[in-house]
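Asks: Coordinates in my_file20.cif, mmCIF, C-alpha atoms, are listed below.
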```
data_upload
#
loop_
_atom_site.label_atom_id
_atom_site.label_comp_id
_atom_site.auth_asym_id
_atom_site.auth_seq_id
_atom_site.Cartn_x
_atom_site.Cartn_y
_atom_site.Cartn_z
CA MET A 369 0.27 -22.23 11.97
CA THR A 370 2.92 -20.35 13.98
CA ARG A 371 5.98 -19.13 12.13
CA PRO A 372 9.34 -19.25 13.90
CA ALA A 373 11.17 -16.05 14.73
CA ARG A 374 13.64 -14.76 12.16
CA PRO A 375 16.70 -12.51 12.50
CA ALA A 376 16.10 -8.85 13.20
CA LEU A 377 16.51 -5.99 10.75
CA ILE A 378 20.27 -5.77 11.17
CA ALA A 379 20.62 -9.42 10.30
CA ALA A 380 18.68 -8.77 7.14
CA ALA A 381 21.17 -6.04 6.32
CA VAL A 382 24.04 -8.50 6.73
CA LEU A 383 22.27 -10.98 4.47
CA SER A 384 21.65 -8.32 1.83
CA ALA A 385 25.27 -7.16 1.95
CA ALA A 386 26.55 -10.71 1.66
CA LEU A 387 24.38 -11.35 -1.37
CA THR A 388 25.54 -8.14 -3.02
CA ALA A 389 29.19 -8.97 -2.39
CA GLY A 390 28.70 -12.41 -3.87
CA CYS A 391 27.20 -11.29 -7.13
CA GLY A 392 29.15 -12.73 -10.05
CA SER A 393 31.36 -15.00 -7.93
CA ALA A 394 31.58 -18.76 -8.24
CA PRO A 395 29.38 -20.70 -5.83
CA GLY A 396 31.11 -22.28 -2.85
CA PRO A 397 30.63 -25.78 -1.53
CA GLY A 398 27.49 -26.77 0.33
CA PRO A 399 23.82 -26.19 -0.45
CA GLY A 400 22.97 -23.50 -2.98
CA PRO A 401 21.06 -20.29 -2.24
CA ALA A 402 17.30 -20.20 -1.84
CA PRO A 403 15.31 -19.61 -5.02
CA GLU A 404 14.98 -15.96 -5.98
CA ALA A 405 11.84 -14.16 -4.88
CA PRO A 406 9.44 -13.11 -7.63
CA PRO A 407 10.24 -9.68 -9.10
CA GLY A 408 8.60 -6.93 -7.07
CA GLY A 409 8.20 -3.21 -6.88
CA ALA A 410 5.47 -2.64 -9.44
CA PRO A 411 4.75 1.08 -9.93
CA PHE A 412 1.36 0.57 -8.27
CA LEU A 413 3.19 0.43 -4.91
CA ALA A 414 3.83 4.18 -5.13
CA THR A 415 1.39 5.70 -2.66
CA SER A 416 0.86 8.20 0.13
CA ARG A 417 -1.25 8.32 3.26
CA THR A 418 -1.95 10.96 5.87
CA THR A 419 -1.74 10.02 9.55
CA ALA A 420 -1.70 11.91 12.83
CA ALA A 421 2.06 12.41 12.32
CA GLY A 422 1.74 13.94 8.86
CA THR A 423 1.92 12.54 5.35
CA TRP A 424 4.05 9.54 4.30
CA ALA A 425 4.85 8.74 0.68
CA THR A 426 6.72 6.00 -1.18
CA VAL A 427 8.17 6.39 -4.67
CA VAL A 428 10.65 4.39 -6.71
CA MET A 429 13.87 6.11 -7.79
CA GLY A 430 17.10 5.22 -9.54
CA GLY A 431 17.18 3.27 -12.76
CA SER A 432 16.35 -0.02 -14.42
CA VAL A 433 14.44 -2.79 -12.67
CA ALA A 434 16.27 -5.34 -14.86
CA SER A 435 19.64 -4.22 -13.47
CA HIS A 436 18.28 -3.97 -9.89
CA ASN A 437 18.90 -0.23 -9.88
CA ASN A 438 15.35 0.63 -8.80
CA PHE A 439 15.35 1.74 -5.14
CA TRP A 440 12.20 2.55 -3.22
CA GLN A 441 12.33 5.63 -1.01
CA LEU A 442 10.16 6.75 1.89
CA PHE A 443 9.45 10.43 2.54
CA VAL A 444 7.55 12.14 5.34
CA ARG A 445 6.08 15.61 5.63
CA PRO A 446 5.44 16.03 9.36
CA ALA A 447 2.29 17.77 10.51
CA ARG A 448 2.70 21.56 10.57
CA SER A 449 5.66 21.30 8.21
CA ASN A 450 5.81 22.44 4.60
CA GLY A 451 8.73 20.26 3.53
CA TRP A 452 9.44 16.60 2.84
CA LYS A 453 12.24 14.61 4.49
CA LEU A 454 13.88 11.41 3.25
CA VAL A 455 13.40 8.73 5.95
CA THR A 456 13.92 5.41 4.12
CA PRO A 457 14.73 2.62 6.64
CA PRO A 458 18.45 1.75 6.35
CA GLY A 459 20.16 -1.60 6.10
CA VAL A 460 18.06 -3.70 3.70
CA ALA A 461 17.91 -3.59 -0.11
CA ASP A 462 14.41 -2.37 -0.95
CA ASN A 463 14.24 -3.09 -4.69
CA GLY A 464 11.06 -5.13 -4.08
CA GLY A 465 9.13 -2.14 -2.77
CA LEU A 466 7.98 -0.63 0.51
CA VAL A 467 4.56 -1.14 2.13
CA LEU A 468 3.37 1.14 4.94
CA ALA A 469 1.17 0.52 7.99
CA ASP A 470 0.01 3.34 10.27
CA ALA A 471 0.80 2.35 13.87
CA GLY A 472 -0.77 5.42 15.48
CA GLY A 473 0.66 8.74 16.60
CA ARG A 474 4.10 9.36 15.13
CA SER A 475 4.64 5.63 14.59
CA LEU A 476 4.83 3.78 11.29
CA ILE A 477 5.72 0.22 10.34
CA THR A 478 7.44 -0.29 6.98
CA ALA A 479 7.68 -3.66 5.25
CA ILE A 480 10.53 -4.26 2.80
CA ARG A 481 9.18 -6.64 0.16
CA PRO A 482 11.35 -9.57 -0.97
CA SER A 483 13.52 -9.17 -4.04
CA GLN A 484 16.39 -11.13 -5.56
CA TYR A 485 17.53 -13.63 -2.87
CA LEU A 486 15.74 -11.98 0.02
CA THR A 487 12.82 -14.39 0.43
CA TYR A 488 11.16 -13.05 3.56
CA THR A 489 9.81 -9.61 4.56
CA PRO A 490 11.86 -7.52 7.02
CA LEU A 491 9.83 -5.02 9.06
CA ALA A 492 11.07 -1.72 10.50
CA THR A 493 9.26 0.57 12.92
CA THR A 494 9.67 4.22 13.82
CA ARG A 495 8.08 6.15 16.67
CA ASP A 496 9.48 9.58 15.81
CA ASP A 497 8.49 10.39 12.22
CA GLY A 498 11.28 8.29 10.72
CA GLN A 499 14.23 9.83 12.57
CA GLU A 500 15.16 6.42 14.00
CA TRP A 501 14.20 2.90 12.96
CA SER A 502 14.23 -0.38 14.85
CA PRO A 503 13.45 -3.95 13.71
CA ALA A 504 10.00 -5.48 14.14
CA GLY A 505 8.92 -8.97 13.23
CA PRO A 506 10.05 -9.96 10.63
CA LEU A 507 7.47 -11.78 8.53
CA ASP A 508 8.83 -15.12 7.34
CA ALA A 509 7.01 -14.94 4.00
CA ALA A 510 6.65 -12.74 0.91
CA LEU A 511 4.26 -9.83 1.37
CA ALA A 512 1.84 -9.26 -1.51
CA ASN A 513 2.71 -6.67 -4.15
CA THR A 514 -0.06 -4.19 -3.22
CA PRO A 515 0.11 -0.98 -1.16
CA GLY A 516 -2.52 -2.26 1.30
CA ALA A 517 -0.91 -5.63 2.01
CA LEU A 518 0.04 -4.71 5.61
CA ALA A 519 -2.08 -3.17 8.38
CA ALA A 520 -1.45 -2.33 12.02
CA ALA A 521 -3.90 -2.11 14.92
CA PRO A 522 -2.68 0.88 16.96
CA SER A 523 -4.64 -0.21 20.04
CA SER A 524 -3.05 -3.67 20.25
CA SER A 525 0.13 -3.47 18.09
CA ARG A 526 -1.05 -6.49 16.10
CA LEU A 527 -0.29 -6.71 12.38
CA LEU A 528 -2.31 -8.22 9.55
CA ALA A 529 -0.59 -9.19 6.30
CA VAL A 530 -1.67 -10.47 2.88
CA LEU A 531 0.97 -12.68 1.26
CA THR A 532 1.78 -13.41 -2.37
CA ASP A 533 0.31 -16.91 -2.07
CA GLY A 534 -3.11 -15.63 -0.96
CA VAL A 535 -2.61 -16.32 2.75
CA ALA A 536 -3.62 -13.75 5.39
CA GLU A 537 -1.56 -13.88 8.58
CA LEU A 538 -2.18 -12.17 11.92
CA SER A 539 0.58 -11.37 14.41
CA ALA A 540 0.69 -10.98 18.14
CA ALA A 541 1.66 -7.60 19.60
CA GLY A 542 4.76 -6.11 18.00
CA GLY A 543 4.65 -8.21 14.85
CA THR A 544 5.72 -11.47 16.51
CA HIS A 545 4.32 -15.03 16.43
CA TRP A 546 2.48 -14.91 13.11
CA THR A 547 -0.47 -17.28 12.67
CA ARG A 548 -2.65 -18.05 9.67
CA LEU A 549 -6.02 -16.27 9.79
CA ALA A 550 -7.36 -17.23 6.36
CA THR A 551 -6.40 -18.26 2.87
CA LEU A 552 -7.87 -17.18 -0.43
CA HIS A 553 -9.26 -20.68 -0.90
CA SER A 554 -10.83 -20.95 2.56
CA LEU A 555 -12.38 -17.50 2.32
CA ALA A 556 -13.61 -18.11 -1.23
CA ARG A 557 -15.31 -21.34 -0.07
CA SER A 558 -17.00 -19.62 2.87
CA ALA A 559 -20.57 -18.34 2.62
CA ALA A 560 -19.26 -14.77 2.44
CA GLY A 561 -16.76 -15.60 -0.31
CA ARG A 562 -19.32 -17.50 -2.39
CA ARG A 563 -21.71 -14.55 -2.26
CA CYS A 564 -19.31 -12.38 -4.25
CA GLY A 565 -17.27 -14.98 -6.14
CA LEU A 566 -13.99 -14.07 -4.44
CA GLN A 567 -11.03 -14.41 -6.81
CA SER A 568 -8.07 -12.74 -5.06
CA LEU A 569 -7.02 -10.85 -1.93
CA SER A 570 -5.47 -7.39 -2.15
CA ALA A 571 -5.55 -5.47 1.14
CA ALA A 572 -5.74 -5.79 4.91
CA ALA A 573 -7.02 -3.40 7.57
CA PHE A 574 -8.40 -3.29 11.09
CA GLY A 575 -11.90 -1.93 11.54
CA PRO A 576 -12.69 0.84 14.04
CA SER A 577 -13.45 -1.79 16.69
CA GLY A 578 -10.21 -3.69 15.94
CA MET A 579 -11.72 -6.53 13.90
CA PRO A 580 -9.58 -7.80 11.01
CA LEU A 581 -10.68 -6.78 7.51
CA LEU A 582 -9.63 -8.25 4.17
CA SER A 583 -10.50 -7.05 0.69
CA GLY A 584 -10.16 -8.43 -2.79
CA THR A 585 -11.66 -8.99 -6.22
CA CYS A 586 -15.15 -10.45 -6.68
CA SER A 587 -16.47 -11.87 -9.93
CA HIS A 588 -20.22 -11.31 -9.47
CA ARG A 589 -23.10 -10.15 -7.28
CA SER A 590 -23.72 -6.59 -6.17
CA THR A 591 -21.52 -6.22 -3.08
CA ALA A 592 -17.84 -5.27 -3.13
CA GLY A 593 -15.32 -7.67 -1.58
CA VAL A 594 -14.65 -6.29 1.90
CA PHE A 595 -14.75 -9.04 4.54
CA ALA A 596 -14.89 -8.63 8.34
CA PHE A 597 -13.82 -11.34 10.81
CA ALA A 598 -15.77 -11.61 14.07
CA GLY A 599 -16.98 -14.48 16.22
CA GLY A 600 -14.73 -16.92 14.36
CA ALA A 601 -16.39 -16.34 10.98
CA TRP A 602 -16.13 -14.04 7.98
CA ARG A 603 -18.98 -11.90 6.72
CA LEU A 604 -19.27 -9.86 3.55
CA ALA A 605 -19.22 -6.27 4.79
CA GLY A 606 -18.45 -4.27 1.66
CA PRO A 607 -20.54 -1.53 0.09
CA ALA A 608 -23.33 -2.42 -2.31
CA LEU A 609 -22.81 -1.41 -5.92
CA PRO A 610 -25.28 0.84 -7.74
CA ALA A 611 -27.75 -1.05 -9.88
CA ALA A 612 -26.05 0.05 -13.09
CA LEU A 613 -22.82 -1.69 -12.02
CA ALA A 614 -24.24 -4.74 -10.23
CA GLY A 615 -22.99 -8.03 -11.61
CA ARG A 616 -19.69 -6.65 -12.88
CA PRO A 617 -16.42 -7.99 -11.47
CA THR A 618 -15.25 -5.58 -8.77
CA ARG A 619 -11.77 -4.92 -7.34
CA VAL A 620 -11.01 -3.15 -4.09
CA LEU A 621 -8.03 -0.97 -5.05
CA GLY A 622 -7.65 0.69 -1.66
CA LEU A 623 -8.90 0.12 1.89
CA THR A 624 -7.96 2.35 4.84
CA VAL A 625 -9.40 3.03 8.28
CA ALA A 626 -9.00 6.41 10.00
CA GLY A 627 -11.09 8.47 12.35
CA GLY A 628 -13.44 5.55 13.01
CA ARG A 629 -14.36 5.25 9.34
CA GLU A 630 -13.47 2.81 6.57
CA THR A 631 -12.60 4.28 3.16
CA ALA A 632 -12.56 2.09 0.05
CA LEU A 633 -11.76 2.68 -3.60
CA LEU A 634 -13.56 0.30 -5.95
CA ALA A 635 -13.08 -0.49 -9.64
CA ALA A 636 -16.12 -2.15 -11.24
CA GLY A 637 -15.86 -3.75 -14.66
CA THR A 638 -12.85 -4.48 -16.87
CA GLY A 639 -11.00 -2.83 -19.74
CA ARG A 640 -12.71 0.19 -21.26
CA ASP A 641 -15.78 -0.50 -19.14
CA THR A 642 -13.97 0.07 -15.83
CA THR A 643 -15.66 2.52 -13.46
CA LEU A 644 -14.26 3.96 -10.21
CA LEU A 645 -16.25 4.46 -7.02
CA GLY A 646 -15.29 5.79 -3.61
CA ALA A 647 -17.12 4.45 -0.55
CA TRP A 648 -17.13 5.38 3.14
CA SER A 649 -18.60 3.37 6.01
CA ALA A 650 -21.37 5.13 7.89
CA GLY A 651 -21.86 2.63 10.74
CA ARG A 652 -24.19 -0.33 11.26
CA GLY A 653 -23.23 -1.85 7.93
CA ARG A 654 -24.17 1.24 5.93
CA TRP A 655 -21.91 2.83 3.30
CA GLU A 656 -21.98 6.12 1.47
CA ARG A 657 -20.89 6.01 -2.17
CA SER A 658 -19.41 8.60 -4.48
CA PRO A 659 -20.71 9.18 -8.00
CA SER A 660 -19.34 6.75 -10.59
CA LEU A 661 -16.33 7.72 -12.71
CA PRO A 662 -16.01 5.84 -16.04
CA LEU A 663 -12.33 5.55 -16.96
CA GLY A 664 -12.76 5.00 -20.69
CA GLY A 665 -9.81 2.63 -20.87
CA ALA A 666 -7.42 4.54 -18.56
CA HIS A 667 -5.48 2.45 -16.04
CA VAL A 668 -4.95 3.21 -12.35
CA ALA A 669 -1.27 3.71 -11.50
CA SER A 670 -1.44 4.89 -7.88
CA VAL A 671 -3.95 5.28 -5.04
CA SER A 672 -3.52 7.62 -2.06
CA ALA A 673 -5.44 8.18 1.18
CA GLY A 674 -5.88 11.61 2.72
CA PRO A 675 -7.56 13.27 5.70
CA GLY A 676 -11.30 12.99 6.16
CA GLY A 677 -11.62 10.05 3.76
CA ALA A 678 -10.02 11.83 0.81
CA ILE A 679 -8.88 9.65 -2.11
CA GLY A 680 -6.34 10.48 -4.81
CA VAL A 681 -5.80 8.48 -7.99
CA VAL A 682 -3.05 8.76 -10.60
CA LEU A 683 -3.96 7.37 -14.02
CA HIS A 684 -1.51 6.38 -16.73
CA GLY A 685 -1.10 9.25 -19.15
CA ARG A 686 -0.44 11.97 -16.52
CA ALA A 687 -4.06 12.29 -15.46
CA GLY A 688 -5.22 12.56 -11.85
CA VAL A 689 -8.54 12.68 -9.99
CA ILE A 690 -9.50 13.22 -6.35
CA LEU A 691 -12.40 12.80 -3.96
CA THR A 692 -12.25 15.11 -0.94
CA GLY A 693 -14.38 12.80 1.24
CA PRO A 694 -17.98 11.66 1.77
CA GLY A 695 -20.47 13.69 -0.21
CA SER A 696 -17.92 14.86 -2.76
CA ALA A 697 -17.80 14.35 -6.51
CA TRP A 698 -14.80 13.35 -8.59
CA GLN A 699 -12.58 16.26 -9.56
CA TRP A 700 -10.10 16.13 -12.43
CA LEU A 701 -6.75 17.75 -11.73
CA PRO A 702 -4.66 19.76 -14.19
CA PHE A 703 -2.35 17.68 -16.37
CA LEU A 704 0.12 16.09 -13.94
CA PRO A 705 3.82 17.08 -14.00
CA ALA A 706 6.14 14.68 -15.80
CA GLY A 707 7.30 11.80 -13.62
CA THR A 708 4.41 12.01 -11.15
CA GLN A 709 4.14 8.72 -9.27
CA THR A 710 1.57 9.51 -6.60
CA LEU A 711 -0.54 12.28 -5.06
CA ALA A 712 -0.33 13.56 -1.49
CA LEU A 713 -3.59 14.93 -0.10
CA GLY A 714 -3.75 17.69 2.48
CA PRO A 715 -6.42 19.72 4.26
CA ARG A 716 -8.77 22.07 2.39
CA ALA A 717 -8.47 19.93 -0.77
CA GLN A 718 -4.81 20.79 -1.26
CA VAL A 719 -2.96 18.30 -3.48
CA ASP A 720 0.73 17.62 -4.13
CA ALA A 721 2.02 15.68 -7.12
CA LEU A 722 5.15 13.76 -6.14
CA ALA A 723 7.49 13.15 -9.06
CA ALA A 724 10.76 11.24 -9.29
CA ALA A 725 13.40 11.00 -12.02
CA GLY A 726 16.73 9.30 -11.38
CA THR A 727 17.98 10.74 -8.09
CA THR A 728 15.68 13.79 -8.03
CA PHE A 729 12.44 13.99 -6.03
CA THR A 730 10.15 16.93 -6.79
CA ASP A 731 7.02 18.17 -5.04
CA TRP A 732 4.49 20.08 -7.16
CA ALA A 733 1.60 21.77 -5.31
CA TRP A 734 -1.90 22.57 -6.48
CA ALA A 735 -4.68 24.45 -4.73
CA PRO A 736 -8.37 24.46 -5.70
CA GLY A 737 -9.00 27.00 -8.41
CA SER A 738 -5.45 26.94 -9.73
CA ALA A 739 -4.85 26.20 -13.39
CA ALA A 740 -1.33 24.83 -13.00
CA TRP A 741 1.09 23.14 -10.63
CA ALA A 742 3.75 25.06 -8.71
CA LYS A 743 7.12 23.52 -7.89
CA THR A 744 7.63 23.78 -4.11
CA GLN A 745 10.55 21.49 -3.26
CA THR A 746 13.34 19.48 -4.86
CA LEU A 747 15.40 16.84 -3.05
CA HIS A 748 18.45 15.03 -4.40
CA VAL A 749 18.51 11.48 -3.04
CA PRO A 750 21.70 9.39 -2.75
CA VAL A 751 20.81 6.33 -4.81
CA PRO A 752 23.31 3.43 -4.42
CA TYR A 753 23.53 2.39 -8.07
CA GLY A 754 25.05 -1.04 -8.54
CA SER A 755 24.70 -2.12 -4.91
CA SER A 756 22.00 -4.73 -5.63
CA GLY A 757 22.98 -6.14 -9.00
#
```
Let's see the structure in the file written out as structure tokens.
Replies:
Amino acid sequence: MTRPARPALIAAAVLSAALTAGCGSAPGPGPGPAPEAPPGGAPFLATSRTTAAGTWATVVMGGSVASHNNFWQLFVRPARSNGWKLVTPPGVADNGGLVLADAGGRSLITAIRPSQYLTYTPLATTRDDGQEWSPAGPLDAALANTPGALAAAPSSSRLLAVLTDGVAELSAAGGTHWTRLATLHSLARSAAGRRCGLQSLSAAAFGPSGMPLLSGTCSHRSTAGVFAFAGGAWRLAGPALPAALAGRPTRVLGLTVAGGRETALLAAGTGRDTTLLGAWSAGRGRWERSPSLPLGGAHVASVSAGPGGAIGVVLHGRAGVILTGPGSAWQWLPFLPAGTQTLALGPRAQVDALAAAGTTFTDWAWAPGSAAWAKTQTLHVPVPYGSSG
């Protein structure tokens, strides 16, 4: 199925402004507005990832979701820089959340998830660390509410997206001419999907060779739900679970590809029996796993990807854990600063806790061996209260 082209980013800005201006006014003649998009911007969308350009992070700032005063912001800390810069794409209300896709080099593609009467997904691209943005796409559908719902193939400029209705769509170069690659139902009915009891899709990626990857939640068996598409068919390519966890339902909470290696964060089990695992591809279908981390009832609030396959996890209750890469063990961090939404991972196991409260963004740094966090930067962000209600 090929989706028709939609207006560019500036047109989305006009649409957003028109909707804002019309709030509270009587409807005019003619057909009514499109149905509102489902509420978006769950806290789980707060994330960070390190690319060749530096580290990108998304957090939600402002106020109440109910009054549409929650505004997602994008920050970048360029390589060889110690400070964060605000680089949120302009022109479109982003109450529904931002999803990031590494496009290689200093390039990044940002998807603005639907919210209120914005029913499609505008895309914006930068090639200079967020100094300037231009429209890409857009995607004439609602992107899923997960931080891994969009992926870019730097070698071909293709995009892969997971939608709220369980459809996976693949674009041509530059995010144009989207076509359906799979659906949750078609993949679940395939031999690969039946092997793991696929229940939902959560993330998209491109493998080191450029093949599309999808991940999701599986209800049974001993292999996590990472699927690779090649030769016109899907195969189950995820890491095997340790014997002690085999048979438990397993979610893929994060899936990234960098440096020719796939990195996955898995959650096996449910409720108080949930256990976290990190996994890294080692070539030829082999994976290396981290030790298991029982959560004891704690819930994952944010997942981050760092250099060398590092993984950072924020848990509800101001707790945080990291893996520094293959061969590492889970490490608990000192009690996180108040308002921490996500972790940013740097070289030599350095960690930043990124906190937001109202219009204030704060970076707290921690180095291995330290007993506490040190405040390193505070930014005051202009939040347009009332512009989306």
Asks: Taking only C-alpha atoms into account, produce a table as CSV in which each residue of stretch 666-743 of chain A with an atom at most 8 Å from an atom of stretch 410-431 of chain A appears once, together with its shortest atom pair and the distance in Å to one decimal, ordered by chain and rising number.
Replies:
```
residue,atom,partner,partner_atom,distance
A:Val668,CA,A:Phe412,CA,8.0
A:Ala669,CA,A:Phe412,CA,5.2
A:Ser670,CA,A:Phe412,CA,5.2
A:Val671,CA,A:Thr415,CA,5.9
A:Ser672,CA,A:Ser416,CA,4.9
A:Ala673,CA,A:Arg417,CA,4.7
A:Gly674,CA,A:Thr418,CA,5.1
A:Pro675,CA,A:Thr418,CA,6.1
A:Gln709,CA,A:Ala414,CA,6.2
A:Thr710,CA,A:Thr415,CA,5.5
A:Leu711,CA,A:Ser416,CA,6.7
A:Ala712,CA,A:Ser416,CA,5.7
A:Leu713,CA,A:Thr418,CA,7.4
A:Gly714,CA,A:Thr418,CA,7.7
A:Ala724,CA,A:Met429,CA,6.2
A:Ala725,CA,A:Met429,CA,6.5
A:Gly726,CA,A:Gly430,CA,4.5
A:Thr727,CA,A:Gly430,CA,5.8
A:Thr728,CA,A:Met429,CA,7.9
```
Asks: Could those selected residues go to a file with C-alpha atoms, as a PDB file, in the coordinates of the input?
Replies:
```pdb
ATOM      1  CA  VAL A 668      -4.950   3.210 -12.350  1.00  0.00           C
ATOM      2  CA  ALA A 669      -1.270   3.710 -11.500  1.00  0.00           C
ATOM      3  CA  SER A 670      -1.440   4.890  -7.880  1.00  0.00           C
ATOM      4  CA  VAL A 671      -3.950   5.280  -5.040  1.00  0.00           C
ATOM      5  CA  SER A 672      -3.520   7.620  -2.060  1.00  0.00           C
ATOM      6  CA  ALA A 673      -5.440   8.180   1.180  1.00  0.00           C
ATOM      7  CA  GLY A 674      -5.880  11.610   2.720  1.00  0.00           C
ATOM      8  CA  PRO A 675      -7.560  13.270   5.700  1.00  0.00           C
ATOM      9  CA  GLN A 709       4.140   8.720  -9.270  1.00  0.00           C
ATOM     10  CA  THR A 710       1.570   9.510  -6.600  1.00  0.00           C
ATOM     11  CA  LEU A 711      -0.540  12.280  -5.060  1.00  0.00           C
ATOM     12  CA  ALA A 712      -0.330  13.560  -1.490  1.00  0.00           C
ATOM     13  CA  LEU A 713      -3.590  14.930  -0.100  1.00  0.00           C
ATOM     14  CA  GLY A 714      -3.750  17.690   2.480  1.00  0.00           C
ATOM     15  CA  ALA A 724      10.760  11.240  -9.290  1.00  0.00           C
ATOM     16  CA  ALA A 725      13.400  11.000 -12.020  1.00  0.00           C
ATOM     17  CA  GLY A 726      16.730   9.300 -11.380  1.00  0.00           C
ATOM     18  CA  THR A 727      17.980  10.740  -8.090  1.00  0.00           C
ATOM     19  CA  THR A 728      15.680  13.790  -8.030  1.00  0.00           C
TER      20      THR A 728
END
```
Asks: Can you measure atom CA of A:Ser539 to atom CA of A:Leu507 for me? One decimal in Å is fine.
Replies: 9.1 Å
Asks: Write out as an mmCIF file with C-alpha atoms, in the coordinates of the input the residues lying within 6 Å of stretch 616-625 of chain A, counting all atoms listed in the file and excluding same-chain residues fewer than 4 positions away.
Replies:
```cif
data_model
loop_
_atom_site.group_PDB
_atom_site.id
_atom_site.type_symbol
_atom_site.label_atom_id
_atom_site.label_comp_id
_atom_site.auth_asym_id
_atom_site.auth_seq_id
_atom_site.Cartn_x
_atom_site.Cartn_y
_atom_site.Cartn_z
ATOM 1 C CA GLY A 584 -10.160 -8.430 -2.790
ATOM 2 C CA THR A 585 -11.660 -8.990 -6.220
ATOM 3 C CA CYS A 586 -15.150 -10.450 -6.680
ATOM 4 C CA SER A 587 -16.470 -11.870 -9.930
ATOM 5 C CA HIS A 588 -20.220 -11.310 -9.470
ATOM 6 C CA ARG A 629 -14.360 5.250 9.340
ATOM 7 C CA GLU A 630 -13.470 2.810 6.570
ATOM 8 C CA THR A 631 -12.600 4.280 3.160
ATOM 9 C CA ALA A 632 -12.560 2.090 0.050
ATOM 10 C CA LEU A 633 -11.760 2.680 -3.600
ATOM 11 C CA LEU A 634 -13.560 0.300 -5.950
ATOM 12 C CA ALA A 635 -13.080 -0.490 -9.640
ATOM 13 C CA ALA A 636 -16.120 -2.150 -11.240
ATOM 14 C CA GLY A 637 -15.860 -3.750 -14.660
#
```
Asks: Between A:Ser475, A:Thr547, A:Ser577, A:Ser583, single out the one closest to A:Ala517, counting only C-alpha atoms.
Replies: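 Of A:Ser475, A:Thr547, A:Ser577, A:Ser583, the one nearest A:Ala517, counting only C-alpha atoms, is A:Ser583.
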Asks: Selected by the PyMOL selection byres ((chain A and resi 600-610) around 7) in the shown coordinates: which residues, as a list in words?
Replies: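 With the PyMOL selection byres ((chain A and resi 600-610) around 7) on this model, the match is Ala560, Ser590, Thr591, Ala592, Gly593, Val594, Phe595, Ala596, Phe597, Ala598, Gly599, Ala611, Ala612, Leu613, Ala614, Ala647, Gly653 and Trp655 of chain A.
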Asks: Please, could you write that set of residues out with C-alpha atoms as a PDB file, in the coordinates of the input?
Replies:
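See result_16.pdb below for the written result:
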```pdb
ATOM      1  CA  ALA A 560     -19.260 -14.770   2.440  1.00  0.00           C
ATOM      2  CA  SER A 590     -23.720  -6.590  -6.170  1.00  0.00           C
ATOM      3  CA  THR A 591     -21.520  -6.220  -3.080  1.00  0.00           C
ATOM      4  CA  ALA A 592     -17.840  -5.270  -3.130  1.00  0.00           C
ATOM      5  CA  GLY A 593     -15.320  -7.670  -1.580  1.00  0.00           C
ATOM      6  CA  VAL A 594     -14.650  -6.290   1.900  1.00  0.00           C
ATOM      7  CA  PHE A 595     -14.750  -9.040   4.540  1.00  0.00           C
ATOM      8  CA  ALA A 596     -14.890  -8.630   8.340  1.00  0.00           C
ATOM      9  CA  PHE A 597     -13.820 -11.340  10.810  1.00  0.00           C
ATOM     10  CA  ALA A 598     -15.770 -11.610  14.070  1.00  0.00           C
ATOM     11  CA  GLY A 599     -16.980 -14.480  16.220  1.00  0.00           C
ATOM     12  CA  ALA A 611     -27.750  -1.050  -9.880  1.00  0.00           C
ATOM     13  CA  ALA A 612     -26.050   0.050 -13.090  1.00  0.00           C
ATOM     14  CA  LEU A 613     -22.820  -1.690 -12.020  1.00  0.00           C
ATOM     15  CA  ALA A 614     -24.240  -4.740 -10.230  1.00  0.00           C
ATOM     16  CA  ALA A 647     -17.120   4.450  -0.550  1.00  0.00           C
ATOM     17  CA  GLY A 653     -23.230  -1.850   7.930  1.00  0.00           C
ATOM     18  CA  TRP A 655     -21.910   2.830   3.300  1.00  0.00           C
TER      19      TRP A 655
END
```
Asks: Where does the PyMOL selection byres ((chain A and resi 734-750) around 7) land in this file, that is, which residues does it pick, as a PDB file with C-alpha atoms, in the frame of the given file?
Replies:
```
ATOM      1  CA  PRO A 702      -4.660  19.760 -14.190  1.00  0.00           C
ATOM      2  CA  ALA A 717      -8.470  19.930  -0.770  1.00  0.00           C
ATOM      3  CA  GLN A 718      -4.810  20.790  -1.260  1.00  0.00           C
ATOM      4  CA  VAL A 719      -2.960  18.300  -3.480  1.00  0.00           C
ATOM      5  CA  ASP A 720       0.730  17.620  -4.130  1.00  0.00           C
ATOM      6  CA  THR A 727      17.980  10.740  -8.090  1.00  0.00           C
ATOM      7  CA  THR A 728      15.680  13.790  -8.030  1.00  0.00           C
ATOM      8  CA  PHE A 729      12.440  13.990  -6.030  1.00  0.00           C
ATOM      9  CA  THR A 730      10.150  16.930  -6.790  1.00  0.00           C
ATOM     10  CA  ASP A 731       7.020  18.170  -5.040  1.00  0.00           C
ATOM     11  CA  TRP A 732       4.490  20.080  -7.160  1.00  0.00           C
ATOM     12  CA  ALA A 733       1.600  21.770  -5.310  1.00  0.00           C
ATOM     13  CA  VAL A 751      20.810   6.330  -4.810  1.00  0.00           C
ATOM     14  CA  PRO A 752      23.310   3.430  -4.420  1.00  0.00           C
TER      15      PRO A 752
END
```
Asks: Distance atom CA of A:Trp501-atom CA of A:Pro446, one decimal place?
Replies: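 Computed distance, atom CA of A:Trp501 to atom CA of A:Pro446, equals 16.2 Å.
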Asks: Take atom CA of A:Asp641 and atom CA of A:Leu701 and report the distance between them in Å, one decimal.
Replies: 21.7 Å
Asks: I would like the residues chosen by the PyMOL selection byres ((chain A and resi 696-698) around 12) on the shown file; could you give them as a PyMOL selection string?
Replies: chain A and resi 643-648+656-663+676-681+688-695+699-701+717
Asks: Pick the closest to A:Ala469 from A:Ser525, A:Ser649, A:Thr642, A:Thr544: which is it, counting all atoms listed in the file?
Replies: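 Ranking A:Ser525, A:Ser649, A:Thr642, A:Thr544 by distance to A:Ala469, first place goes to A:Ser525.
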